[in-house]
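*Asks:* Input structure: coords_8.cif, which contains mmCIF, N, CA and C atoms.
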data_target
#
loop_
_atom_site.label_atom_id
_atom_site.label_comp_id
_atom_site.auth_asym_id
_atom_site.auth_seq_id
_atom_site.Cartn_x
_atom_site.Cartn_y
_atom_site.Cartn_z
N MET A 240 109.32 101.95 100.91
CA MET A 240 110.22 101.04 100.26
C MET A 240 109.42 100.16 99.32
N ALA A 241 109.76 100.16 98.10
CA ALA A 241 109.09 99.29 97.14
C ALA A 241 109.39 97.84 97.50
N ALA A 242 108.53 96.97 97.06
CA ALA A 242 108.79 95.55 97.24
C ALA A 242 109.77 95.09 96.16
N HIS A 243 110.40 93.99 96.40
CA HIS A 243 111.23 93.36 95.37
C HIS A 243 111.02 91.85 95.48
N ILE A 244 111.44 91.16 94.47
CA ILE A 244 111.27 89.71 94.45
C ILE A 244 112.65 89.07 94.56
N ALA A 245 112.80 88.25 95.57
CA ALA A 245 114.08 87.61 95.86
C ALA A 245 114.37 86.47 94.89
N GLU A 246 115.60 86.03 94.92
CA GLU A 246 116.04 84.94 94.05
C GLU A 246 115.32 83.63 94.34
N ASP A 247 114.63 83.55 95.48
CA ASP A 247 113.88 82.34 95.83
C ASP A 247 112.66 82.15 94.94
N CYS A 248 112.32 83.16 94.15
CA CYS A 248 111.14 83.11 93.27
C CYS A 248 111.18 81.85 92.41
N ILE A 249 110.04 81.16 92.34
CA ILE A 249 109.94 79.95 91.52
C ILE A 249 109.26 80.23 90.19
N ASN A 250 109.07 81.51 89.88
CA ASN A 250 108.52 81.92 88.59
C ASN A 250 107.10 81.38 88.35
N CYS A 251 106.32 81.30 89.42
CA CYS A 251 104.97 80.75 89.28
C CYS A 251 103.98 81.77 88.73
N GLY A 252 104.26 83.06 88.92
CA GLY A 252 103.39 84.10 88.39
C GLY A 252 102.19 84.44 89.26
N ALA A 253 102.09 83.89 90.45
CA ALA A 253 100.93 84.15 91.31
C ALA A 253 100.84 85.63 91.69
N CYS A 254 101.97 86.30 91.79
CA CYS A 254 101.99 87.69 92.23
C CYS A 254 101.52 88.68 91.17
N GLU A 255 101.81 88.40 89.93
CA GLU A 255 101.57 89.37 88.86
C GLU A 255 100.13 89.89 88.80
N PRO A 256 99.11 89.03 88.77
CA PRO A 256 97.75 89.57 88.66
C PRO A 256 97.24 90.23 89.94
N GLU A 257 97.93 90.03 91.06
CA GLU A 257 97.49 90.61 92.33
C GLU A 257 97.88 92.08 92.48
N CYS A 258 98.85 92.54 91.73
CA CYS A 258 99.35 93.90 91.88
C CYS A 258 98.35 94.91 91.32
N PRO A 259 97.85 95.82 92.15
CA PRO A 259 96.88 96.80 91.67
C PRO A 259 97.49 97.85 90.73
N ASN A 260 98.82 97.92 90.69
CA ASN A 260 99.50 98.91 89.86
C ASN A 260 100.17 98.31 88.63
N GLU A 261 100.01 97.01 88.43
CA GLU A 261 100.66 96.31 87.32
C GLU A 261 102.18 96.56 87.32
N ALA A 262 102.76 96.54 88.52
CA ALA A 262 104.19 96.78 88.67
C ALA A 262 105.03 95.53 88.54
N ILE A 263 104.40 94.36 88.45
CA ILE A 263 105.12 93.10 88.42
C ILE A 263 105.11 92.53 87.01
N ALA A 264 106.29 92.10 86.56
CA ALA A 264 106.42 91.51 85.23
C ALA A 264 107.37 90.32 85.28
N GLU A 265 107.23 89.46 84.31
CA GLU A 265 108.12 88.30 84.23
C GLU A 265 109.50 88.76 83.81
N GLY A 266 110.50 88.38 84.59
CA GLY A 266 111.89 88.69 84.25
C GLY A 266 112.54 87.50 83.58
N ASP A 267 113.85 87.58 83.38
CA ASP A 267 114.57 86.49 82.73
C ASP A 267 114.52 85.20 83.54
N GLU A 268 114.76 85.32 84.85
CA GLU A 268 114.78 84.11 85.69
C GLU A 268 113.73 84.15 86.80
N VAL A 269 113.40 85.33 87.27
CA VAL A 269 112.38 85.51 88.31
C VAL A 269 111.52 86.70 87.93
N TYR A 270 110.36 86.81 88.55
CA TYR A 270 109.52 87.98 88.33
C TYR A 270 110.22 89.20 88.94
N VAL A 271 109.91 90.38 88.41
CA VAL A 271 110.53 91.61 88.89
C VAL A 271 109.44 92.64 89.18
N ILE A 272 109.75 93.56 90.08
CA ILE A 272 108.84 94.64 90.43
C ILE A 272 109.48 95.96 90.03
N ASN A 273 108.73 96.75 89.28
CA ASN A 273 109.19 98.08 88.90
C ASN A 273 108.96 99.01 90.09
N PRO A 274 110.03 99.50 90.74
CA PRO A 274 109.85 100.31 91.93
C PRO A 274 109.12 101.63 91.66
N ALA A 275 109.17 102.12 90.44
CA ALA A 275 108.47 103.36 90.11
C ALA A 275 106.96 103.16 90.05
N GLN A 276 106.52 101.91 90.00
CA GLN A 276 105.09 101.61 89.96
C GLN A 276 104.60 100.94 91.25
N CYS A 277 105.50 100.55 92.10
CA CYS A 277 105.11 99.88 93.34
C CYS A 277 104.75 100.90 94.41
N SER A 278 103.55 100.77 94.94
CA SER A 278 103.11 101.64 96.04
C SER A 278 102.92 100.84 97.32
N GLU A 279 103.47 99.63 97.34
CA GLU A 279 103.31 98.73 98.49
C GLU A 279 101.83 98.53 98.82
N CYS A 280 100.98 98.69 97.83
CA CYS A 280 99.52 98.51 97.94
C CYS A 280 98.85 99.53 98.85
N VAL A 281 99.56 100.60 99.26
CA VAL A 281 98.96 101.65 100.08
C VAL A 281 97.81 102.27 99.29
N GLY A 282 96.66 102.35 99.94
CA GLY A 282 95.46 102.87 99.30
C GLY A 282 94.54 101.76 98.81
N PHE A 283 95.10 100.55 98.69
CA PHE A 283 94.31 99.40 98.24
C PHE A 283 94.13 98.35 99.34
N TYR A 284 95.22 97.99 100.00
CA TYR A 284 95.20 96.91 100.98
C TYR A 284 96.01 97.29 102.21
N ASP A 285 95.83 96.55 103.29
CA ASP A 285 96.63 96.76 104.49
C ASP A 285 97.80 95.78 104.54
N HIS A 286 98.17 95.26 103.38
CA HIS A 286 99.28 94.32 103.25
C HIS A 286 99.82 94.39 101.83
N PHE A 287 100.97 93.79 101.60
CA PHE A 287 101.51 93.67 100.25
C PHE A 287 100.74 92.53 99.57
N ALA A 288 100.00 92.81 98.52
CA ALA A 288 99.20 91.78 97.86
C ALA A 288 100.09 90.69 97.27
N CYS A 289 101.22 91.05 96.72
CA CYS A 289 102.12 90.06 96.12
C CYS A 289 102.64 89.10 97.19
N GLN A 290 102.97 89.65 98.34
CA GLN A 290 103.50 88.83 99.44
C GLN A 290 102.45 87.85 99.95
N ALA A 291 101.20 88.28 99.95
CA ALA A 291 100.12 87.44 100.48
C ALA A 291 99.89 86.18 99.65
N VAL A 292 100.21 86.22 98.36
CA VAL A 292 99.95 85.06 97.50
C VAL A 292 101.20 84.28 97.12
N CYS A 293 102.36 84.76 97.47
CA CYS A 293 103.61 84.11 97.07
C CYS A 293 103.81 82.81 97.86
N PRO A 294 103.88 81.67 97.16
CA PRO A 294 104.02 80.39 97.86
C PRO A 294 105.39 80.16 98.50
N VAL A 295 106.40 80.93 98.09
CA VAL A 295 107.73 80.74 98.65
C VAL A 295 108.24 81.98 99.39
N GLU A 296 107.34 82.92 99.64
CA GLU A 296 107.67 84.14 100.36
C GLU A 296 108.85 84.89 99.74
N ALA A 297 108.82 85.04 98.42
CA ALA A 297 109.89 85.73 97.71
C ALA A 297 109.61 87.22 97.51
N CYS A 298 108.39 87.66 97.74
CA CYS A 298 108.04 89.08 97.62
C CYS A 298 108.31 89.75 98.97
N LEU A 299 109.29 90.63 98.99
CA LEU A 299 109.74 91.21 100.25
C LEU A 299 109.87 92.72 100.15
N PRO A 300 109.75 93.42 101.26
CA PRO A 300 110.05 94.86 101.25
C PRO A 300 111.52 95.05 100.90
N ASP A 301 111.82 96.04 100.12
CA ASP A 301 113.20 96.31 99.71
C ASP A 301 113.77 97.43 100.58
N PRO A 302 114.64 97.11 101.52
CA PRO A 302 115.17 98.14 102.42
C PRO A 302 115.97 99.22 101.68
N ALA A 303 116.39 98.96 100.46
CA ALA A 303 117.12 99.96 99.68
C ALA A 303 116.18 100.97 99.01
N GLN A 304 114.88 100.74 99.10
CA GLN A 304 113.88 101.61 98.47
C GLN A 304 112.90 102.15 99.51
N ARG A 305 113.37 102.68 100.61
CA ARG A 305 112.48 103.17 101.67
C ARG A 305 111.75 104.43 101.21
N GLU A 306 110.42 104.42 101.42
CA GLU A 306 109.60 105.57 101.06
C GLU A 306 108.52 105.76 102.13
N SER A 307 108.07 106.98 102.28
CA SER A 307 107.05 107.27 103.28
C SER A 307 105.68 106.80 102.80
N GLU A 308 104.78 106.66 103.75
CA GLU A 308 103.41 106.29 103.41
C GLU A 308 102.79 107.34 102.48
N GLN A 309 103.06 108.61 102.74
CA GLN A 309 102.51 109.67 101.88
C GLN A 309 103.03 109.55 100.46
N THR A 310 104.31 109.28 100.29
CA THR A 310 104.89 109.12 98.95
C THR A 310 104.24 107.95 98.23
N LEU A 311 104.07 106.86 98.93
CA LEU A 311 103.46 105.67 98.32
C LEU A 311 101.99 105.92 97.98
N TYR A 312 101.28 106.60 98.85
CA TYR A 312 99.88 106.93 98.59
C TYR A 312 99.78 107.86 97.38
N ASP A 313 100.65 108.86 97.32
CA ASP A 313 100.65 109.78 96.17
C ASP A 313 100.91 109.02 94.87
N ARG A 314 101.77 108.02 94.93
CA ARG A 314 102.04 107.21 93.74
C ARG A 314 100.78 106.45 93.32
N THR A 315 100.06 105.88 94.29
CA THR A 315 98.81 105.19 93.99
C THR A 315 97.85 106.12 93.27
N VAL A 316 97.67 107.31 93.81
CA VAL A 316 96.75 108.29 93.20
C VAL A 316 97.21 108.65 91.79
N GLU A 317 98.50 108.86 91.61
CA GLU A 317 99.04 109.23 90.30
C GLU A 317 98.87 108.10 89.27
N LEU A 318 99.06 106.87 89.71
CA LEU A 318 98.96 105.73 88.79
C LEU A 318 97.52 105.38 88.42
N HIS A 319 96.56 105.92 89.15
CA HIS A 319 95.14 105.61 88.91
C HIS A 319 94.34 106.91 88.78
N PRO A 320 94.61 107.67 87.71
CA PRO A 320 93.96 108.99 87.57
C PRO A 320 92.44 108.92 87.41
N ASP A 321 91.91 107.79 87.01
CA ASP A 321 90.46 107.66 86.83
C ASP A 321 89.75 107.17 88.09
N THR A 322 90.48 107.00 89.17
CA THR A 322 89.90 106.55 90.43
C THR A 322 89.97 107.70 91.44
N THR A 323 88.91 107.89 92.18
CA THR A 323 88.89 108.91 93.21
C THR A 323 89.27 108.28 94.55
N PHE A 324 90.34 108.77 95.12
CA PHE A 324 90.80 108.30 96.42
C PHE A 324 90.58 109.43 97.43
N PRO A 325 90.06 109.12 98.60
CA PRO A 325 89.96 110.16 99.63
C PRO A 325 91.36 110.52 100.12
N PRO A 326 91.52 111.65 100.79
CA PRO A 326 92.84 112.00 101.33
C PRO A 326 93.36 110.91 102.27
N LEU A 327 94.66 110.79 102.33
CA LEU A 327 95.30 109.82 103.23
C LEU A 327 94.86 110.11 104.66
N SER A 328 94.39 109.06 105.34
CA SER A 328 93.93 109.22 106.73
C SER A 328 94.13 107.90 107.47
N ASN A 329 93.71 107.86 108.71
CA ASN A 329 93.82 106.64 109.51
C ASN A 329 92.94 105.52 108.98
N SER A 330 91.99 105.82 108.12
CA SER A 330 91.13 104.77 107.56
C SER A 330 91.60 104.29 106.19
N THR A 331 92.67 104.86 105.67
CA THR A 331 93.21 104.43 104.38
C THR A 331 93.85 103.05 104.53
N PRO A 332 93.51 102.11 103.64
CA PRO A 332 94.18 100.81 103.71
C PRO A 332 95.69 100.97 103.54
N SER A 333 96.45 100.46 104.49
CA SER A 333 97.90 100.62 104.45
C SER A 333 98.56 99.70 105.46
N HIS A 334 99.66 99.08 105.07
CA HIS A 334 100.40 98.22 105.99
C HIS A 334 101.08 99.05 107.08
N PHE A 335 101.14 100.36 106.92
CA PHE A 335 101.73 101.23 107.93
C PHE A 335 100.91 101.22 109.23
N ARG A 336 99.65 100.79 109.16
CA ARG A 336 98.79 100.80 110.34
C ARG A 336 98.67 99.43 111.00
N LYS A 337 99.43 98.47 110.59
CA LYS A 337 99.37 97.13 111.18
C LYS A 337 100.24 97.05 112.41
#
Translate the structure of the given file into structure tokens.
*Replies:*
Amino acid sequence: MAAHIAEDCINCGACEPECPNEAIAEGDEVYVINPAQCSECVGFYDHFACQAVCPVEACLPDPAQRESEQTLYDRTVELHPDTTFPPLSNSTPSHFRK
């Protein structure tokens, strides 16, 4: 499930530079996350990076965008063709293992 930004967003922009996939952009009233670019930080962190820095906890998992860990990991690999990622394993950074 891709993350999304709730209406509670105060438009501070803290989340945007934290996204390893550059999936976050300033919207009209709140920041928005492009679900096609969001990998929930699988392959990079064991948590949602945007959620970790949001002062009002507006970055949340989107239950309408449920995806498997493998799908999210594959997206990470696809979005970063110049980076070598080892195969998905129990040592891969992922919130699925928390």
*Asks:* Within 6 Å of range 245-259 of chain A, which residues of range 277-319 of chain A show up? Give each one with its shortest atom-to-atom distance in Å (one decimal) and the two atoms involved, counting all atoms listed in the file, rows by chain then rising residue number, as a tab-separated table.
*Replies:*
residue	atom	partner	partner_atom	distance
A:Ala288	C	A:Glu257	C	5.5
A:Cys289	CA	A:Cys254	CA	4.6
A:Val292	C	A:Ala253	C	5.6
A:Cys293	N	A:Cys254	N	5.9
A:Ala297	C	A:Ala245	N	3.9
A:Cys298	N	A:Ala245	N	5.0
A:Leu299	N	A:Ala245	N	5.4
*Asks:* Using only C-alpha atoms, which residue out of A:Lys337, A:Arg314, A:His243, A:His286 lies closest to Ile272 in chain A?
*Replies:*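 Among the listed residues, A:His243 lies closest to Ile272 in chain A.
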*Asks:* Could you state the separation of atom N of Pro326 in chain A and atom C of Ala242 in chain A in Å, given to one decimal place?
*Replies:*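 Atom-to-atom, atom N of Pro326 in chain A to atom C of Ala242 in chain A, that is 25.1 Å.
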*Asks:* Looking only at strand (DSSP E or B) from DSSP on the backbone, list the matching residues of chain A as a PyMOL selection string.
*Replies:* chain A and resi 242-244+263-265+270-272+298-300
*Asks:* Taking only N, CA and C atoms into account, which of A:Phe283, A:Ile244, A:Asn260, A:Glu317 comes nearest Pro300 in chain A?
*Replies:*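 So, comparing all the options, the nearest one is A:Ile244.
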*Asks:* Could you tell me, as a PyMOL selection string, exactly which residues end up selected when the PyMOL selection byres ((chain A and resi 277) around 7) is applied to this structure?
*Replies:* chain A and resi 240-242+260+262+272-276+278-280+311+314-315
*Asks:* Measure the distance from CA of Pro325 in chain A to atom C of Phe287 in chain A in Å and round it to one decimal.
*Replies:*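 Atom-to-atom, CA of Pro325 in chain A to atom C of Phe287 in chain A, that is 20.7 Å.
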*Asks:* Quick check, in Å to one decimal: how far apart do atom C of Glu268 in chain A and atom N of Val295 in chain A lie?
*Replies:*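 Spanning atom C of Glu268 in chain A to atom N of Val295 in chain A is a straight-line distance of 13.8 Å.
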*Asks:* Go through A:Gly266, A:Pro302, A:Glu308, A:Val271 one by one, measure the shortest atom-to-atom distance of each to Ser333 in chain A using only N, CA and C atoms, and give the residue with the smallest value.
*Replies:*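 Closest to Ser333 in chain A, using only N, CA and C atoms: A:Glu308.
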*Asks:* Which of these, A:Asp313, A:Asp267, A:Asp285, A:Glu296, has the shortest distance to Arg336 in chain A once you count all atoms listed in the file?
*Replies:* A:Asp285
*Asks:* Given the choices A:Gly282, A:Asp301, A:Pro294, A:Pro332, which gets closest to Val316 in chain A if the distance is worked out from all atoms listed in the file?
*Replies:*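 Closest candidate: A:Gly282.
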*Asks:* Please determine, counting all atoms listed in the file, which residue among A:Tyr284, A:Tyr270, A:Tyr312, A:Glu306 has the shortest atom-to-atom distance to Leu327 in chain A.
*Replies:*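 The shortest atom-to-atom distance to Leu327 in chain A comes from A:Tyr312.
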*Asks:* As an NGL selection string, list the residues of chain A assigned to helix (DSSP H, G or I) by DSSP on the backbone atoms of this structure.
*Replies:* :A and (255-257 or 288-292 or 302-304 or 308-318 or 334-336)
*Asks:* Would you mind exporting range 318-329 of chain A with all heavy atoms, as a PDB file, in the first residue's frame?
*Replies:*
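The resulting file, part23.pdb, is shown below:
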ATOM      1  N   LEU A 318      12.848   1.895 -10.066  1.00  0.00           N
ATOM      2  CA  LEU A 318      13.025   3.343  -9.980  1.00  0.00           C
ATOM      3  C   LEU A 318      14.482   3.767  -9.821  1.00  0.00           C
ATOM      4  O   LEU A 318      14.808   4.942  -9.991  1.00  0.00           O
ATOM      5  CB  LEU A 318      12.202   3.903  -8.814  1.00  0.00           C
ATOM      6  CG  LEU A 318      10.689   3.876  -8.994  1.00  0.00           C
ATOM      7  CD1 LEU A 318       9.988   4.214  -7.681  1.00  0.00           C
ATOM      8  CD2 LEU A 318      10.261   4.837 -10.102  1.00  0.00           C
ATOM      9  N   HIS A 319      15.349   2.823  -9.495  1.00  0.00           N
ATOM     10  CA  HIS A 319      16.770   3.126  -9.275  1.00  0.00           C
ATOM     11  C   HIS A 319      17.644   2.191 -10.119  1.00  0.00           C
ATOM     12  O   HIS A 319      18.376   1.356  -9.573  1.00  0.00           O
ATOM     13  CB  HIS A 319      17.102   2.996  -7.778  1.00  0.00           C
ATOM     14  CG  HIS A 319      16.314   3.926  -6.927  1.00  0.00           C
ATOM     15  ND1 HIS A 319      16.690   5.229  -6.694  1.00  0.00           N
ATOM     16  CD2 HIS A 319      15.123   3.755  -6.293  1.00  0.00           C
ATOM     17  CE1 HIS A 319      15.789   5.817  -5.935  1.00  0.00           C
ATOM     18  NE2 HIS A 319      14.819   4.945  -5.682  1.00  0.00           N
ATOM     19  N   PRO A 320      17.574   2.338 -11.446  1.00  0.00           N
ATOM     20  CA  PRO A 320      18.302   1.404 -12.324  1.00  0.00           C
ATOM     21  C   PRO A 320      19.824   1.463 -12.180  1.00  0.00           C
ATOM     22  O   PRO A 320      20.504   0.506 -12.541  1.00  0.00           O
ATOM     23  CB  PRO A 320      17.861   1.814 -13.725  1.00  0.00           C
ATOM     24  CG  PRO A 320      17.436   3.238 -13.596  1.00  0.00           C
ATOM     25  CD  PRO A 320      16.877   3.363 -12.208  1.00  0.00           C
ATOM     26  N   ASP A 321      20.348   2.544 -11.660  1.00  0.00           N
ATOM     27  CA  ASP A 321      21.798   2.672 -11.500  1.00  0.00           C
ATOM     28  C   ASP A 321      22.297   2.169 -10.152  1.00  0.00           C
ATOM     29  O   ASP A 321      23.484   2.279  -9.851  1.00  0.00           O
ATOM     30  CB  ASP A 321      22.228   4.130 -11.695  1.00  0.00           C
ATOM     31  CG  ASP A 321      21.945   4.622 -13.106  1.00  0.00           C
ATOM     32  OD1 ASP A 321      21.928   3.792 -14.040  1.00  0.00           O
ATOM     33  OD2 ASP A 321      21.736   5.836 -13.282  1.00  0.00           O
ATOM     34  N   THR A 322      21.409   1.628  -9.344  1.00  0.00           N
ATOM     35  CA  THR A 322      21.773   1.100  -8.036  1.00  0.00           C
ATOM     36  C   THR A 322      21.616  -0.416  -8.052  1.00  0.00           C
ATOM     37  O   THR A 322      20.637  -0.932  -8.575  1.00  0.00           O
ATOM     38  CB  THR A 322      20.869   1.697  -6.938  1.00  0.00           C
ATOM     39  OG1 THR A 322      20.976   3.115  -6.982  1.00  0.00           O
ATOM     40  CG2 THR A 322      21.258   1.206  -5.563  1.00  0.00           C
ATOM     41  N   THR A 323      22.565  -1.111  -7.481  1.00  0.00           N
ATOM     42  CA  THR A 323      22.483  -2.557  -7.393  1.00  0.00           C
ATOM     43  C   THR A 323      21.885  -2.942  -6.044  1.00  0.00           C
ATOM     44  O   THR A 323      22.427  -2.595  -5.003  1.00  0.00           O
ATOM     45  CB  THR A 323      23.881  -3.202  -7.533  1.00  0.00           C
ATOM     46  OG1 THR A 323      24.423  -2.799  -8.784  1.00  0.00           O
ATOM     47  CG2 THR A 323      23.793  -4.711  -7.472  1.00  0.00           C
ATOM     48  N   PHE A 324      20.766  -3.618  -6.095  1.00  0.00           N
ATOM     49  CA  PHE A 324      20.101  -4.098  -4.891  1.00  0.00           C
ATOM     50  C   PHE A 324      20.221  -5.621  -4.855  1.00  0.00           C
ATOM     51  O   PHE A 324      19.992  -6.275  -5.871  1.00  0.00           O
ATOM     52  CB  PHE A 324      18.611  -3.720  -4.890  1.00  0.00           C
ATOM     53  CG  PHE A 324      18.345  -2.252  -4.762  1.00  0.00           C
ATOM     54  CD1 PHE A 324      18.207  -1.457  -5.890  1.00  0.00           C
ATOM     55  CD2 PHE A 324      18.216  -1.667  -3.519  1.00  0.00           C
ATOM     56  CE1 PHE A 324      17.956  -0.103  -5.779  1.00  0.00           C
ATOM     57  CE2 PHE A 324      17.962  -0.309  -3.394  1.00  0.00           C
ATOM     58  CZ  PHE A 324      17.828   0.469  -4.523  1.00  0.00           C
ATOM     59  N   PRO A 325      20.551  -6.190  -3.716  1.00  0.00           N
ATOM     60  CA  PRO A 325      20.553  -7.656  -3.623  1.00  0.00           C
ATOM     61  C   PRO A 325      19.114  -8.165  -3.696  1.00  0.00           C
ATOM     62  O   PRO A 325      18.175  -7.393  -3.485  1.00  0.00           O
ATOM     63  CB  PRO A 325      21.174  -7.930  -2.260  1.00  0.00           C
ATOM     64  CG  PRO A 325      20.940  -6.699  -1.480  1.00  0.00           C
ATOM     65  CD  PRO A 325      20.913  -5.557  -2.456  1.00  0.00           C
ATOM     66  N   PRO A 326      18.918  -9.444  -3.974  1.00  0.00           N
ATOM     67  CA  PRO A 326      17.546  -9.982  -3.995  1.00  0.00           C
ATOM     68  C   PRO A 326      16.842  -9.746  -2.651  1.00  0.00           C
ATOM     69  O   PRO A 326      17.490  -9.687  -1.609  1.00  0.00           O
ATOM     70  CB  PRO A 326      17.749 -11.475  -4.242  1.00  0.00           C
ATOM     71  CG  PRO A 326      19.099 -11.584  -4.865  1.00  0.00           C
ATOM     72  CD  PRO A 326      19.909 -10.449  -4.292  1.00  0.00           C
ATOM     73  N   LEU A 327      15.542  -9.626  -2.713  1.00  0.00           N
ATOM     74  CA  LEU A 327      14.737  -9.447  -1.501  1.00  0.00           C
ATOM     75  C   LEU A 327      14.975 -10.633  -0.569  1.00  0.00           C
ATOM     76  O   LEU A 327      14.908 -11.791  -0.980  1.00  0.00           O
ATOM     77  CB  LEU A 327      13.257  -9.359  -1.868  1.00  0.00           C
ATOM     78  CG  LEU A 327      12.271  -9.116  -0.741  1.00  0.00           C
ATOM     79  CD1 LEU A 327      12.533  -7.775  -0.079  1.00  0.00           C
ATOM     80  CD2 LEU A 327      10.846  -9.171  -1.269  1.00  0.00           C
ATOM     81  N   SER A 328      15.287 -10.328   0.691  1.00  0.00           N
ATOM     82  CA  SER A 328      15.552 -11.381   1.676  1.00  0.00           C
ATOM     83  C   SER A 328      15.184 -10.872   3.066  1.00  0.00           C
ATOM     84  O   SER A 328      14.738  -9.739   3.227  1.00  0.00           O
ATOM     85  CB  SER A 328      17.029 -11.770   1.649  1.00  0.00           C
ATOM     86  OG  SER A 328      17.811 -10.728   2.204  1.00  0.00           O
ATOM     87  N   ASN A 329      15.420 -11.678   4.069  1.00  0.00           N
ATOM     88  CA  ASN A 329      15.130 -11.282   5.448  1.00  0.00           C
ATOM     89  C   ASN A 329      16.023 -10.151   5.923  1.00  0.00           C
ATOM     90  O   ASN A 329      15.746  -9.543   6.958  1.00  0.00           O
ATOM     91  CB  ASN A 329      15.252 -12.475   6.385  1.00  0.00           C
ATOM     92  CG  ASN A 329      14.068 -13.405   6.263  1.00  0.00           C
ATOM     93  OD1 ASN A 329      12.985 -12.995   5.864  1.00  0.00           O
ATOM     94  ND2 ASN A 329      14.270 -14.664   6.580  1.00  0.00           N
TER      95      ASN A 329
END
